[in-house]
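File shown here: upload26.txt, holding compact mmCIF, C-alpha atoms.
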# COMPACT_ATOMS: atom_id res chain seq x y z
CA MET G 1 163.89 241.73 87.98
CA SER G 2 161.20 239.04 88.26
CA GLN G 3 159.32 240.61 85.34
CA GLU G 4 162.48 240.44 83.23
CA ASN G 5 162.83 236.78 84.20
CA LEU G 6 159.27 236.13 83.09
CA ASP G 7 159.99 237.81 79.76
CA ARG G 8 163.05 235.60 79.30
CA PHE G 9 161.03 232.52 80.20
CA ILE G 10 158.39 233.46 77.63
CA GLN G 11 161.06 233.74 74.94
CA LEU G 12 162.42 230.33 75.98
CA VAL G 13 158.99 228.71 75.72
CA PHE G 14 158.57 230.05 72.19
CA ARG G 15 161.74 228.14 71.27
CA GLU G 16 160.93 224.89 73.12
CA ALA G 17 158.06 222.71 71.89
CA THR G 18 158.28 220.48 74.98
CA LEU G 19 157.64 223.40 77.32
CA GLN G 20 154.72 224.50 75.15
CA GLU G 21 153.15 221.04 75.40
CA GLN G 22 153.63 220.93 79.17
CA LEU G 23 152.00 224.30 79.74
CA TRP G 24 149.08 223.41 77.47
CA GLU G 25 148.16 220.62 79.88
CA ALA G 26 146.98 223.22 82.44
CA PRO G 27 143.79 224.83 81.05
CA ASP G 28 142.78 226.27 84.44
CA ILE G 29 144.31 229.69 85.15
CA ASP G 30 145.45 228.95 88.72
CA ALA G 31 146.96 225.61 87.69
CA PHE G 32 148.59 227.27 84.70
CA VAL G 33 150.13 230.03 86.85
CA ASP G 34 151.53 227.45 89.29
CA LEU G 35 152.93 225.33 86.48
CA ALA G 36 154.50 228.33 84.71
CA GLN G 37 156.21 229.39 87.94
CA HIS G 38 157.42 225.82 88.55
CA LEU G 39 158.82 225.43 85.03
CA GLY G 40 160.40 228.88 85.26
CA ASP G 41 162.19 227.88 88.46
CA GLU G 42 163.46 224.71 86.79
CA GLN G 43 164.92 226.80 83.97
CA GLY G 44 166.51 229.30 86.36
CA TYR G 45 163.99 232.10 85.82
CA ARG G 46 162.41 233.20 89.09
CA PHE G 47 159.19 235.21 88.94
CA THR G 48 156.04 235.44 91.05
CA PRO G 49 152.48 234.24 90.43
CA GLN G 50 151.48 237.92 90.42
CA ASP G 51 153.89 238.53 87.52
CA VAL G 52 152.24 235.76 85.50
CA LYS G 53 148.68 236.87 86.28
CA ALA G 54 149.49 240.46 85.34
CA ALA G 55 150.98 239.32 82.03
CA LEU G 56 147.87 237.25 81.24
CA TYR G 57 145.79 240.39 80.98
CA VAL G 58 148.14 242.66 79.05
CA SER G 59 146.21 244.25 76.20
CA ARG G 60 146.58 243.01 72.64
CA ARG G 61 147.82 246.46 71.62
CA GLU G 62 150.62 246.40 74.21
CA TRP G 63 151.74 242.99 73.01
CA ARG G 64 151.80 244.21 69.43
CA GLU G 65 153.97 247.15 70.43
CA ARG G 66 156.59 244.71 71.74
CA GLY G 67 157.23 243.76 68.14
CA THR G 68 157.37 240.44 66.32
CA LEU G 69 159.63 237.44 66.67
CA THR G 70 161.83 236.18 63.86
CA THR G 71 161.27 232.74 62.40
CA GLU G 72 164.40 231.40 64.06
CA GLU G 73 163.07 232.35 67.50
CA VAL G 74 159.93 230.20 67.32
CA GLN G 75 159.16 226.49 67.38
CA LEU G 76 155.91 226.47 65.42
CA LYS G 77 154.82 222.89 65.95
CA ARG G 78 151.11 222.89 66.98
CA TRP G 79 150.68 226.62 66.24
CA LEU G 80 148.00 227.92 63.87
CA PRO G 81 148.05 231.15 61.88
CA SER G 82 144.93 232.84 63.24
CA ARG G 83 145.11 236.26 61.58
CA LEU G 84 146.96 238.02 58.81
CA ARG G 85 147.41 241.77 59.34
CA ARG G 86 149.22 244.74 57.83
CA ARG G 87 151.39 246.52 60.40
CA ASP G 88 154.19 249.04 59.90
CA HIS G 89 154.15 248.44 56.13
CA GLN G 90 154.64 244.69 56.45
CA THR G 91 152.38 241.65 56.53
CA VAL G 92 152.31 240.01 59.95
CA ILE G 93 150.89 236.68 61.09
CA GLU G 94 149.20 236.33 64.47
CA TRP G 95 149.46 232.76 65.78
CA CYS G 96 147.38 230.66 68.13
CA TYR G 97 148.61 227.53 69.92
CA ARG G 98 146.18 224.62 69.62
CA GLY G 99 147.99 221.62 71.08
CA LYS G 100 146.37 218.50 69.64
CA ARG G 101 142.93 220.06 69.24
CA ARG G 102 141.07 219.04 66.08
CA PHE G 103 139.00 221.35 63.91
CA ALA G 104 135.71 219.98 65.23
CA GLU G 105 133.70 223.21 65.41
CA PRO G 106 131.57 224.27 62.41
CA PHE G 107 133.80 227.29 61.70
CA PHE G 108 137.51 228.05 61.98
CA ASP G 109 137.01 231.12 64.16
CA GLN G 110 135.12 229.00 66.72
CA THR G 111 138.12 226.70 67.06
CA ILE G 112 140.43 229.69 67.39
CA ALA G 113 138.16 231.31 70.01
CA ALA G 114 138.19 228.12 72.08
CA CYS G 115 142.00 227.97 71.92
CA LEU G 116 142.40 231.65 72.78
CA ARG G 117 140.46 231.11 76.02
CA HIS G 118 143.26 228.83 77.21
CA PRO G 119 145.66 230.73 79.52
CA PHE G 120 148.59 229.60 77.37
CA ASN G 121 147.40 231.83 74.54
CA MET G 122 146.76 234.67 76.96
CA LEU G 123 150.42 234.64 78.02
CA PHE G 124 152.18 233.54 74.83
CA ARG G 125 150.94 235.91 72.13
CA LEU G 126 152.92 235.26 69.01
CA HIS G 127 153.34 237.54 66.00
CA THR G 128 155.81 236.87 63.19
CA PRO G 129 156.52 238.19 59.71
CA ILE G 130 154.70 236.25 57.00
CA GLY G 131 158.03 234.63 56.12
CA ALA G 132 157.50 232.28 59.07
CA LEU G 133 154.79 230.60 56.99
CA ALA G 134 157.24 230.07 54.15
CA LYS G 135 159.80 228.45 56.41
CA LEU G 136 157.19 226.19 58.02
CA HIS G 137 155.98 225.18 54.57
CA GLU G 138 159.53 224.31 53.53
CA THR G 139 160.57 222.44 56.66
CA GLN G 140 157.27 220.92 57.79
CA PRO G 141 154.74 220.95 54.95
CA GLY G 142 151.16 220.13 55.78
CA LEU G 143 148.76 218.02 53.78
CA LEU G 144 147.85 219.17 50.30
CA PRO G 145 144.14 219.79 49.83
CA SER G 146 142.04 216.79 48.78
CA GLY G 147 139.01 218.95 48.03
CA LEU G 148 137.79 222.54 47.95
CA ILE G 149 134.26 223.61 48.91
CA PHE G 150 132.66 226.77 47.52
CA HIS G 151 129.05 227.85 48.05
CA MET G 152 126.47 230.59 47.59
CA SER G 153 125.92 230.78 51.42
CA ARG G 154 123.17 229.36 53.66
CA CYS G 155 122.93 226.34 51.39
CA GLY G 156 124.28 223.29 53.22
CA SER G 157 128.03 223.68 52.74
CA THR G 158 128.54 223.66 56.51
CA LEU G 159 126.77 220.30 56.68
CA ILE G 160 129.13 218.88 54.06
CA ALA G 161 132.11 220.22 55.99
CA GLN G 162 130.83 218.79 59.29
CA LEU G 163 130.18 215.38 57.76
CA LEU G 164 133.72 215.28 56.36
CA ALA G 165 135.15 216.56 59.67
CA SER G 166 133.47 213.70 61.54
CA LEU G 167 135.91 211.25 59.93
CA SER G 168 139.14 210.55 61.80
CA GLN G 169 141.14 210.61 58.54
CA THR G 170 140.24 214.19 57.61
CA ILE G 171 141.12 217.78 58.47
CA VAL G 172 138.46 220.34 57.51
CA ILE G 173 139.21 224.08 57.58
CA ALA G 174 135.98 226.06 57.36
CA GLU G 175 136.02 229.74 56.36
CA ALA G 176 139.38 230.58 57.89
CA ASP G 177 140.16 234.27 58.35
CA PRO G 178 143.83 233.91 57.25
CA ILE G 179 142.76 232.36 53.95
CA ASP G 180 140.25 235.12 53.27
CA ALA G 181 142.84 237.75 54.26
CA VAL G 182 145.34 236.31 51.77
CA LEU G 183 142.80 236.26 48.96
CA ARG G 184 141.85 239.89 49.63
CA ALA G 185 145.37 241.12 50.49
CA HIS G 186 145.71 243.08 47.25
CA PHE G 187 142.78 245.30 48.25
CA ARG G 188 144.55 246.30 51.45
CA ASP G 189 147.95 246.63 49.80
CA PRO G 190 147.90 247.18 46.01
CA SER G 191 151.56 246.17 45.78
CA VAL G 192 150.65 242.54 46.58
CA SER G 193 150.76 240.63 43.30
CA ASP G 194 148.78 237.58 42.26
CA GLU G 195 152.01 235.57 42.47
CA GLN G 196 152.41 236.61 46.10
CA ARG G 197 148.80 235.79 46.91
CA CYS G 198 149.21 232.38 45.30
CA ALA G 199 152.34 231.62 47.32
CA TRP G 200 150.83 232.96 50.54
CA LEU G 201 147.75 230.81 50.00
CA GLN G 202 149.91 227.71 49.62
CA TRP G 203 151.84 228.61 52.79
CA VAL G 204 148.82 229.32 54.98
CA VAL G 205 146.98 226.19 53.83
CA SER G 206 150.12 224.17 54.53
CA ALA G 207 150.25 225.61 58.06
CA LEU G 208 146.57 224.86 58.65
CA GLY G 209 146.94 221.37 57.20
CA GLN G 210 149.47 220.14 59.76
CA ARG G 211 148.55 216.63 60.85
CA GLN G 212 147.76 216.16 64.54
CA ASP G 213 147.28 212.41 64.13
CA PRO G 214 148.86 209.86 61.73
CA GLN G 215 145.35 208.85 60.62
CA GLN G 216 144.75 212.24 59.05
CA GLN G 217 145.29 211.85 55.32
CA TYR G 218 142.82 214.25 53.69
CA LEU G 219 142.56 218.03 53.90
CA PHE G 220 139.44 219.97 52.88
CA ILE G 221 139.12 223.73 52.63
CA LYS G 222 135.68 225.34 52.84
CA PHE G 223 135.94 228.90 51.56
CA ASP G 224 133.80 231.95 52.25
CA SER G 225 131.02 232.40 49.72
CA TRP G 226 132.72 235.33 47.96
CA SER G 227 135.97 233.38 47.52
CA VAL G 228 134.65 231.76 44.34
CA MET G 229 135.61 235.06 42.68
CA ASP G 230 139.22 233.94 43.13
CA LEU G 231 138.70 230.41 41.82
CA PRO G 232 141.29 230.77 39.01
CA LEU G 233 143.97 231.88 41.49
CA ILE G 234 143.02 229.11 43.93
CA GLN G 235 143.25 226.56 41.14
CA ARG G 236 146.66 227.94 40.25
CA ALA G 237 147.76 227.35 43.84
CA PHE G 238 146.25 223.85 43.95
CA PRO G 239 146.02 222.55 40.38
CA GLY G 240 143.87 219.52 39.74
CA VAL G 241 142.23 219.51 43.18
CA PRO G 242 138.53 218.60 42.89
CA TRP G 243 136.07 221.23 44.07
CA LEU G 244 132.37 221.70 44.79
CA PHE G 245 129.99 224.59 44.49
CA VAL G 246 126.93 224.19 46.71
CA CYS G 247 123.70 226.03 45.92
CA ARG G 248 120.11 226.30 47.14
CA ASP G 249 116.86 227.86 45.98
CA PRO G 250 117.69 231.58 46.12
CA VAL G 251 114.36 232.44 47.76
CA GLU G 252 115.28 230.23 50.72
CA VAL G 253 118.77 231.69 50.90
CA MET G 254 117.42 235.24 50.83
CA VAL G 255 114.91 234.48 53.59
CA SER G 256 117.76 233.20 55.73
CA HIS G 257 119.75 236.39 55.17
CA SER G 258 116.70 238.58 55.82
CA LYS G 259 116.52 237.10 59.32
CA MET G 260 120.26 237.28 60.05
CA ARG G 261 122.43 238.82 57.38
CA GLY G 262 125.84 237.44 56.66
CA SER G 263 128.69 239.92 56.44
CA GLN G 264 128.79 239.69 52.64
CA MET G 265 125.19 240.91 52.54
CA VAL G 266 126.01 244.16 54.36
CA PRO G 267 127.05 246.91 51.90
CA GLY G 268 130.67 247.97 52.32
CA THR G 269 131.88 244.82 54.09
CA ILE G 270 133.24 243.20 50.94
CA GLU G 271 135.21 245.34 48.51
CA PRO G 272 133.10 246.54 45.55
CA ALA G 273 135.95 245.61 43.23
CA LEU G 274 135.41 241.96 44.22
CA LEU G 275 131.62 241.74 43.98
CA GLY G 276 131.25 244.29 41.21
CA PRO G 277 131.21 248.11 41.28
CA ASP G 278 127.52 248.22 40.35
CA LEU G 279 126.63 246.91 43.82
CA ALA G 280 128.05 250.10 45.32
CA GLU G 281 125.28 252.05 43.58
CA ILE G 282 122.51 250.24 45.48
CA PRO G 283 120.96 252.44 48.22
CA PRO G 284 122.14 251.35 51.69
CA TYR G 285 118.56 250.67 52.80
CA ALA G 286 117.88 248.24 49.91
CA LEU G 287 119.35 245.26 51.73
CA ASP G 288 117.26 242.61 49.99
CA GLU G 289 118.26 243.92 46.57
CA TYR G 290 121.91 243.98 47.65
CA CYS G 291 121.53 240.38 48.83
CA ALA G 292 119.93 239.25 45.57
CA ARG G 293 122.55 240.89 43.39
CA THR G 294 125.38 239.55 45.54
CA LEU G 295 123.97 236.03 45.20
CA ALA G 296 123.62 236.55 41.46
CA ARG G 297 127.26 237.60 41.23
CA ILE G 298 128.44 234.59 43.25
CA CYS G 299 126.32 232.08 41.32
CA GLY G 300 127.15 233.63 37.97
CA THR G 301 130.86 233.38 38.74
CA ALA G 302 130.48 229.71 39.66
CA VAL G 303 128.74 229.09 36.32
CA ARG G 304 131.46 230.92 34.40
CA TYR G 305 134.38 229.10 36.05
CA GLY G 306 132.68 225.81 36.78
CA GLN G 307 132.55 223.91 33.52
CA SER G 308 135.61 221.75 34.12
CA ASP G 309 136.41 218.14 34.96
CA ASP G 310 137.56 219.11 38.44
CA GLY G 311 134.30 220.84 39.41
CA ARG G 312 130.99 219.57 40.75
CA PHE G 313 127.71 221.30 41.58
CA VAL G 314 125.65 220.14 44.53
CA ASN G 315 122.13 221.24 45.36
CA TYR G 316 120.88 221.54 48.94
CA ARG G 317 118.10 219.06 48.15
CA GLN G 318 120.68 216.33 47.53
CA LEU G 319 121.96 216.55 51.10
CA PRO G 320 123.02 214.73 53.15
CA GLU G 321 123.01 211.44 51.22
CA ILE G 322 125.12 212.70 48.32
CA VAL G 323 128.09 213.07 50.67
CA TRP G 324 128.48 209.36 51.41
CA PHE G 325 126.95 208.05 48.18
CA SER G 326 129.03 210.21 45.85
CA LEU G 327 131.28 212.94 47.23
CA LEU G 328 133.64 210.68 49.18
CA ASP G 329 134.47 208.90 45.93
CA PHE G 330 134.65 212.20 44.03
CA PHE G 331 137.26 213.44 46.51
CA GLY G 332 139.06 210.09 46.60
CA VAL G 333 138.49 209.50 50.33
CA ALA G 334 138.97 205.89 51.40
CA HIS G 335 136.19 205.06 53.85
CA THR G 336 134.45 202.24 55.67
CA THR G 337 130.87 201.36 56.50
CA ALA G 338 131.56 202.68 60.01
CA ASP G 339 132.53 206.05 58.49
CA ILE G 340 129.20 206.25 56.66
CA ASP G 341 127.34 205.29 59.83
CA ARG G 342 129.16 208.08 61.66
CA MET G 343 128.17 210.62 59.00
CA ARG G 344 124.56 209.46 59.12
CA ASP G 345 124.57 210.09 62.87
CA VAL G 346 126.10 213.57 62.47
CA ALA G 347 123.53 214.45 59.79
CA GLN G 348 120.75 214.12 62.35
CA PHE G 349 121.99 217.27 64.09
CA HIS G 350 122.07 220.91 63.02
CA ALA G 351 125.36 221.60 61.23
CA LYS G 352 125.87 225.04 62.79
CA SER G 353 124.50 224.04 66.21
CA PRO G 354 125.61 220.42 66.61
CA SER G 355 123.88 220.07 70.01
CA SER G 356 120.45 220.54 68.36
CA ARG G 357 118.53 218.03 66.29
CA PHE G 358 118.14 219.03 62.65
CA VAL G 359 114.66 220.05 61.53
CA GLY G 360 114.15 220.73 57.84
CA ASP G 361 113.15 224.32 57.09
CA THR G 362 112.51 224.37 53.34
CA SER G 363 108.74 224.78 53.67
CA ALA G 364 109.07 227.35 56.46
CA LYS G 365 111.46 229.46 54.39
CA GLN G 366 109.21 229.34 51.34
CA GLN G 367 106.24 230.40 53.45
CA ALA G 368 108.24 233.23 55.04
CA ALA G 369 109.33 234.70 51.70
CA THR G 370 107.82 238.10 50.98
CA ASP G 371 106.62 239.14 47.54
CA GLU G 372 109.61 241.50 47.35
CA ILE G 373 112.09 238.70 48.07
CA ARG G 374 110.47 236.54 45.38
CA ARG G 375 110.53 239.40 42.89
CA LEU G 376 114.21 240.15 43.53
CA ALA G 377 115.20 236.49 43.45
CA ASP G 378 113.40 236.04 40.15
CA ARG G 379 114.91 239.16 38.62
CA TRP G 380 118.52 238.68 39.67
CA VAL G 381 119.29 235.15 40.86
CA GLN G 382 117.02 232.65 39.14
CA SER G 383 118.87 232.69 35.82
CA PRO G 384 122.36 231.78 37.14
CA TYR G 385 120.78 229.43 39.70
CA GLN G 386 118.92 227.52 36.97
CA ARG G 387 122.16 227.25 35.03
CA LEU G 388 123.78 225.71 38.12
CA ILE G 389 120.94 223.19 38.31
CA GLU G 390 121.52 222.29 34.65
CA LEU G 391 125.23 221.78 35.27
CA GLN G 392 124.49 219.69 38.36
CA ALA G 393 122.09 217.50 36.37
CA ALA G 394 124.68 217.08 33.60
CA ALA G 395 127.28 215.64 35.98
CA PRO G 396 128.48 212.08 35.22
CA ARG G 397 125.99 209.52 36.52
CA SER G 398 128.64 207.91 38.74
CA HIS G 399 128.91 211.16 40.70
CA THR G 400 125.20 211.90 41.24
Could you rewrite the structure in this file as structure tokens?
Amino acid sequence: MSQENLDRFIQLVFREATLQEQLWEAPDIDAFVDLAQHLGDEQGYRFTPQDVKAALYVSRREWRERGTLTTEEVQLKRWLPSRLRRRDHQTVIEWCYRGKRRFAEPFFDQTIAACLRHPFNMLFRLHTPIGALAKLHETQPGLLPSGLIFHMSRCGSTLIAQLLASLSQTIVIAEADPIDAVLRAHFRDPSVSDEQRCAWLQWVVSALGQRQDPQQQYLFIKFDSWSVMDLPLIQRAFPGVPWLFVCRDPVEVMVSHSKMRGSQMVPGTIEPALLGPDLAEIPPYALDEYCARTLARICGTAVRYGQSDDGRFVNYRQLPEIVWFSLLDFFGVAHTTADIDRMRDVAQFHAKSPSSRFVGDTSAKQQAATDEIRRLADRWVQSPYQRLIELQAAAPRSHT
């Protein structure tokens, strides 16, 4: 009986934002268990601490088997869509409660991981049909994007995102899994149309762009490197929104990937239909060639789509100063001298490891480049990269 009471209490909490906020205030497991039992008693649901502790460690699979909640059963204030999955022939959203937590970490999944360690998210595991995003977008729309950030990878885009995120008036979403899942949904389910992907993208960005503070006025989305392939669809979802493509000397990018390869540089991780079927013909051991040709595809796509008034090209060598001297104005972000001082301070630290001081590595990467990396970079990537440099140099003087 006490387990049934706990289940009823869990359903009540999903419907009551006030109870969610109260339980979030207890990040320690023992304190959380005590508070959950106390609030359950107040609501007339008696259960034991052992019931709560057992429920905290129920497997993800068992929770999924309990089914999803309908939109009407959930108060979604302060919830984030953390994953988009196909289950039982339908698209399902997995949610994560975040309270008032900002997106301060370099990447979206780091923020989600921190939230998921809270006992609240261990007990209240929420899955809904994707229609919940539509309803949230209709009833409580988030900020529209102020800027979109694309990149070739390992080129300084994380630094740009972290500098923007340091401002109290911004929300920065960096490489969010739900956004990537929406953009690639048609590969997992061929029945998903471009119109659906466009709508889903608007919904998920709206959910991620919920303001946690009245000061927040600007929303920035940093995409995965391969997302530039979907730039026309993204522009259809967010017409007229200014965007960047960030690039770096391909030799330096390839050296970075040779030391620790990103997922897009591992054959089979990204659908061949997205990067180009010719990449599937590369032998699995030829990782440097796969990297070079992937970079060529990404940069070439940016060149093809990028000659528009809304687009800008930024080179790694322009960082960090271009952010406060030019990009804030390009994105229309009102800012103060104190904001620039704050960004200058943040720029002294490593973008992906903010606790460490930044040390430039351009020379070290050039010295570490093998003859094979230089040969492959020259054969495949230099041509589109040089075209990006030309486009960057041709930008209006007021934005350089």
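Distances from G:Ala351, G:Ala36, G:Val253, G:Met229 to G:Glu21 were compared using all atoms listed in the file, and the smallest one belongs to G:Ala36.
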message: Residues within 10 Å of G:Ala334, please, as a list in words. Count all atoms listed in the file; anything in the same chain fewer than 3 positions from it doesn't count.
response: Gln169, Gln217, Tyr218, Leu328, Asp329, Phe331 and Asp339 of chain G
Write a file of the just-selected residues containing C-alpha atoms, as a compact mmCIF listing (two decimals), in the coordinates of the input.
# COMPACT_ATOMS: atom_id res chain seq x y z
CA GLN G 169 141.14 210.61 58.54
CA GLN G 217 145.29 211.85 55.32
CA TYR G 218 142.82 214.25 53.69
CA LEU G 328 133.64 210.68 49.18
CA ASP G 329 134.47 208.90 45.93
CA PHE G 331 137.26 213.44 46.51
CA ASP G 339 132.53 206.05 58.49
message: Can you pull out the residues contacting stretch 85-101 of chain G? Cut-off 10 Å, using all atoms listed in the file, and skip same-chain residues under 5 positions away; I want them as a PyMOL selection string.
response: chain G and resi 20-25+64+68+76-80+111-116+118+120-122+124-133+178+181-182+185+188-189+204+211-213
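The residue that comes closest to G:Met343, out of G:Val246, G:Ile29, G:Ile10, G:Leu164 and on the basis of only C-alpha atoms, is G:Leu164.
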query: Which residues come within 12 Å of G:Ala286, counting only C-alpha atoms, excluding same-chain residues fewer than 6 positions away, as a ChimeraX atom specification?
result: /G:258,265-267,279-280,292-293,372-373,376
Writing out the chosen residues with C-alpha atoms as a short mmCIF file (atom, residue, chain, number, x, y, z; two decimals), keeping the file's coordinate frame:
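Output (selection15.cif):
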data_model
loop_
_atom_site.label_atom_id
_atom_site.label_comp_id
_atom_site.auth_asym_id
_atom_site.auth_seq_id
_atom_site.Cartn_x
_atom_site.Cartn_y
_atom_site.Cartn_z
CA SER G 258 116.70 238.58 55.82
CA MET G 265 125.19 240.91 52.54
CA VAL G 266 126.01 244.16 54.36
CA PRO G 267 127.05 246.91 51.90
CA LEU G 279 126.63 246.91 43.82
CA ALA G 280 128.05 250.10 45.32
CA ALA G 292 119.93 239.25 45.57
CA ARG G 293 122.55 240.89 43.39
CA GLU G 372 109.61 241.50 47.35
CA ILE G 373 112.09 238.70 48.07
CA LEU G 376 114.21 240.15 43.53
#
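Minimum distance to G:Trp203 across G:Pro81, G:Ala302, G:Asp309, G:Met254 (counting all atoms listed in the file) occurs at G:Pro81.
Residues lying within 10 Å of (158.9, 231.9, 74.2). Counted over all atoms listed in the file, they are Leu6, Asp7, Arg8, Phe9, Ile10, Gln11, Leu12, Val13, Phe14, Arg15, Glu16, Ala17, Leu19, Gln20, Leu69, Glu73, Val74, Gln75, Leu123, Phe124, Arg125 and Leu126 of chain G.
Our summary of the geometry notes that atom CA of G:Ala174 is positioned 9.5 Å from atom CA of G:Ser157.
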For the contact check between stretch 296-327 of chain G and stretch 135-147 of chain G, emit one row per residue of stretch 296-327 of chain G within 12 Å, containing the shortest atom pair and the distance in Å rounded to one decimal, counting all atoms listed in the file, chain then rising number order, as JSON lines.
{"residue": "G:Asp310", "atom": "CA", "partner": "G:Gly147", "partner_atom": "CA", "distance": 9.7}
{"residue": "G:Gly311", "atom": "CA", "partner": "G:Gly147", "partner_atom": "CA", "distance": 10.0}
{"residue": "G:Arg312", "atom": "CA", "partner": "G:Gly147", "partner_atom": "CA", "distance": 10.8}
{"residue": "G:Leu327", "atom": "CA", "partner": "G:Gly147", "partner_atom": "CA", "distance": 9.8}
Within 10 Å of stretch 231-234 of chain G using all atoms listed in the file, minus same-chain residues under 3 positions, as a ChimeraX atom specification: /G:148,150,183,194-195,197-198,201-202,226-228,237-239,241,243,301-302,305-306
message: Could you tell me how far atom CA of G:Ala393 sits from atom CA of G:Thr336, in Å to one decimal place?
response: 27.5 Å
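The space between atom CA of G:Leu275 and atom CA of G:Thr370 spans 25.1 Å.
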